[in-house]
Amino acid sequence: QKEVEQNSGPLSVPEGAIASLNCTYSDRVSQSFFWYRQYSGKSPELIMSIYSNGDKEDGRFTAQLNKASQYVSLLIRDSQPSDSATYLCALYMEYGNKLVFGAGTILRVKS
Amino acid sequence: DAGITQSPRYKITETGRQVTLMCHQTWSHSYMFWYRQDLGHGLRLIYYSAAADITDKGEVPDGYVVSRSKTENFPLTLESATRSQTSVYFCASSEIRMADTQYFGPGTRLTVL
């Protein structure tokens, strides 16, 4: 099993809809989770970090963490064409002292 | 506030040549990282540094050398470039711990002919 798994997509949603991006992970003791957005030809930029079970909201973005089920998700409300990008899930693994990235999910928001 | 910068942004070289990619950060972050990003592999850690003069291998260190004599600089050297090292290279930094948020530089696109 990969340490971090994401559906590569592309996930296509219409403008104004909710985009739901999911990430599962194998390390039961991971405590720090991150969502990065990467536009084509650009570097990853942090959207949100989450450390506790439950939801964390920041504007149109909500990160959801469920450690028991070992998944973290990112919801984007009122999706805009400018949200079209690759979304990378990352988590810090204490075993190995490393940040592990998923391969990313391509999101396309159609106007 | 420049943050984290990389140079050059684009580089074309030939097999067997030595290449050095530069990374500079202005935040005084303790940790610095080098990643490569390839289709099908995502981001893979090459080397990282916890502080000046402290470096350690990541997932794919073979063929690369790093140094960190100053906190703000973390150069990556390909001692004898190979075609398999054609990639996009990202430098990143985090404030205190490996687990802190990592901030990425703009990247260097390297092509080895």
# chains A, B, ... in the order shown; residues from 1 in each chain; ligands from 1
$ residues_around --residues "Glu95 of chain B" --least-positions-apart "2" --cutoff "8 Å" --atoms "only C-alpha atoms" --output "list in words"
Trp27, Ser28, His29, Ser30, Tyr31, Ser93, Arg97, Asp100, Thr101 and Gln102 of chain B
$ write_last_selection --atoms "C-alpha atoms" --output "short mmCIF file (atom, residue, chain, number, x, y, z; two decimals), in the first residue's frame"
data_model
loop_
_atom_site.label_atom_id
_atom_site.label_comp_id
_atom_site.auth_asym_id
_atom_site.auth_seq_id
_atom_site.Cartn_x
_atom_site.Cartn_y
_atom_site.Cartn_z
CA TRP B 27 13.21 33.66 6.24
CA SER B 28 16.02 32.11 8.31
CA HIS B 29 14.15 28.82 8.25
CA SER B 30 16.02 25.95 9.84
CA TYR B 31 15.03 23.22 7.42
CA SER B 93 12.02 25.36 3.51
CA ARG B 97 10.71 21.23 12.22
CA ASP B 100 6.15 22.37 9.82
CA THR B 101 4.60 23.73 6.67
CA GLN B 102 7.02 23.59 3.78
#
$ interface_residues --of "chain A" --to "chain B" --cutoff "8 Å" --atoms "only C-alpha atoms" --output "PyMOL selection string"
chain A and resi 32+34+42-46+49+92+97-99+101-104
$ residues_around --residues "Thr5 of chain B" --least-positions-apart "2" --cutoff "8 Å" --atoms "only C-alpha atoms" --output "mmCIF file with C-alpha atoms, in the first residue's frame"
data_model
loop_
_atom_site.group_PDB
_atom_site.id
_atom_site.type_symbol
_atom_site.label_atom_id
_atom_site.label_comp_id
_atom_site.auth_asym_id
_atom_site.auth_seq_id
_atom_site.Cartn_x
_atom_site.Cartn_y
_atom_site.Cartn_z
ATOM 1 C CA ALA B 2 11.772 37.500 -1.708
ATOM 2 C CA GLY B 3 11.063 34.376 0.374
ATOM 3 C CA SER B 7 18.398 29.767 -9.941
ATOM 4 C CA CYS B 23 18.420 27.833 -3.555
ATOM 5 C CA HIS B 24 18.245 30.880 -1.302
ATOM 6 C CA GLN B 25 15.746 31.726 1.428
ATOM 7 C CA GLY B 105 10.590 27.939 -4.420
ATOM 8 C CA PRO B 106 9.557 28.508 -8.047
#
$ select_by_dssp --residues "chain A" --states "strand (DSSP E)" --output "ChimeraX atom specification"
/A:4-6,11-14,19-25,32-38,45-50,54-58,61-66,71-76,85-93,98-101,105-110
$ closest_residue --among "B:Leu78, B:Leu113, B:Ile12, B:Met32" --to "Ala52 of chain B" --atoms "only C-alpha atoms"
B:Met32
$ closest_residue --among "A:Ser52, A:Ala17, A:Ser12, A:Gly96" --to "Leu65 of chain A" --atoms "only C-alpha atoms"
A:Ser52
$ atom_distance --atom1 "atom CA of Gly59 of chain A" --atom2 "atom CA of Thr86 of chain A"
19.1 Å
$ closest_residue --among "A:Asn22, A:Ser111, A:Thr105, A:Asn66" --to "Tyr51 of chain A" --atoms "only C-alpha atoms"
A:Asn66
$ residues_around --residues "Ser69 of chain B" --least-positions-apart "4" --cutoff "10 Å" --atoms "only C-alpha atoms" --output "ChimeraX atom specification"
/B:51-54,73-75
$ atom_distance --atom1 "atom CA of Thr15 of chain B" --atom2 "atom CA of Phe33 of chain B"
24.6 Å
$ residues_around --residues "Tyr39 of chain A" --least-positions-apart "6" --cutoff "10 Å" --atoms "only C-alpha atoms" --output "list in words"
Glu45, Ser82, Asp83, Ser84, Ala85, Thr86, Tyr87 and Ile106 of chain A
$ write_last_selection --atoms "N, CA and C atoms" --output "PDB file, in the first residue's frame"
ATOM      1  N   GLU A  45       1.774  25.370  -3.563  1.00  0.00           N
ATOM      2  CA  GLU A  45       1.530  26.397  -2.564  1.00  0.00           C
ATOM      3  C   GLU A  45       0.536  25.847  -1.551  1.00  0.00           C
ATOM      4  N   SER A  82     -10.593  29.355 -11.741  1.00  0.00           N
ATOM      5  CA  SER A  82      -9.250  29.595 -11.206  1.00  0.00           C
ATOM      6  C   SER A  82      -8.823  28.537 -10.194  1.00  0.00           C
ATOM      7  N   ASP A  83      -9.748  27.690  -9.769  1.00  0.00           N
ATOM      8  CA  ASP A  83      -9.394  26.584  -8.885  1.00  0.00           C
ATOM      9  C   ASP A  83      -8.838  25.396  -9.657  1.00  0.00           C
ATOM     10  N   SER A  84      -8.904  25.434 -10.960  1.00  0.00           N
ATOM     11  CA  SER A  84      -8.382  24.341 -11.788  1.00  0.00           C
ATOM     12  C   SER A  84      -6.876  24.230 -11.566  1.00  0.00           C
ATOM     13  N   ALA A  85      -6.462  23.093 -11.059  1.00  0.00           N
ATOM     14  CA  ALA A  85      -5.065  22.885 -10.695  1.00  0.00           C
ATOM     15  C   ALA A  85      -4.915  21.431 -10.251  1.00  0.00           C
ATOM     16  N   THR A  86      -3.716  21.066  -9.879  1.00  0.00           N
ATOM     17  CA  THR A  86      -3.469  19.769  -9.241  1.00  0.00           C
ATOM     18  C   THR A  86      -3.376  19.987  -7.744  1.00  0.00           C
ATOM     19  N   TYR A  87      -4.089  19.165  -6.994  1.00  0.00           N
ATOM     20  CA  TYR A  87      -4.106  19.284  -5.535  1.00  0.00           C
ATOM     21  C   TYR A  87      -3.332  18.125  -4.924  1.00  0.00           C
ATOM     22  N   ILE A 106      -5.947  16.023 -10.284  1.00  0.00           N
ATOM     23  CA  ILE A 106      -6.182  17.139 -11.206  1.00  0.00           C
ATOM     24  C   ILE A 106      -7.644  17.554 -11.101  1.00  0.00           C
TER      25      ILE A 106
END
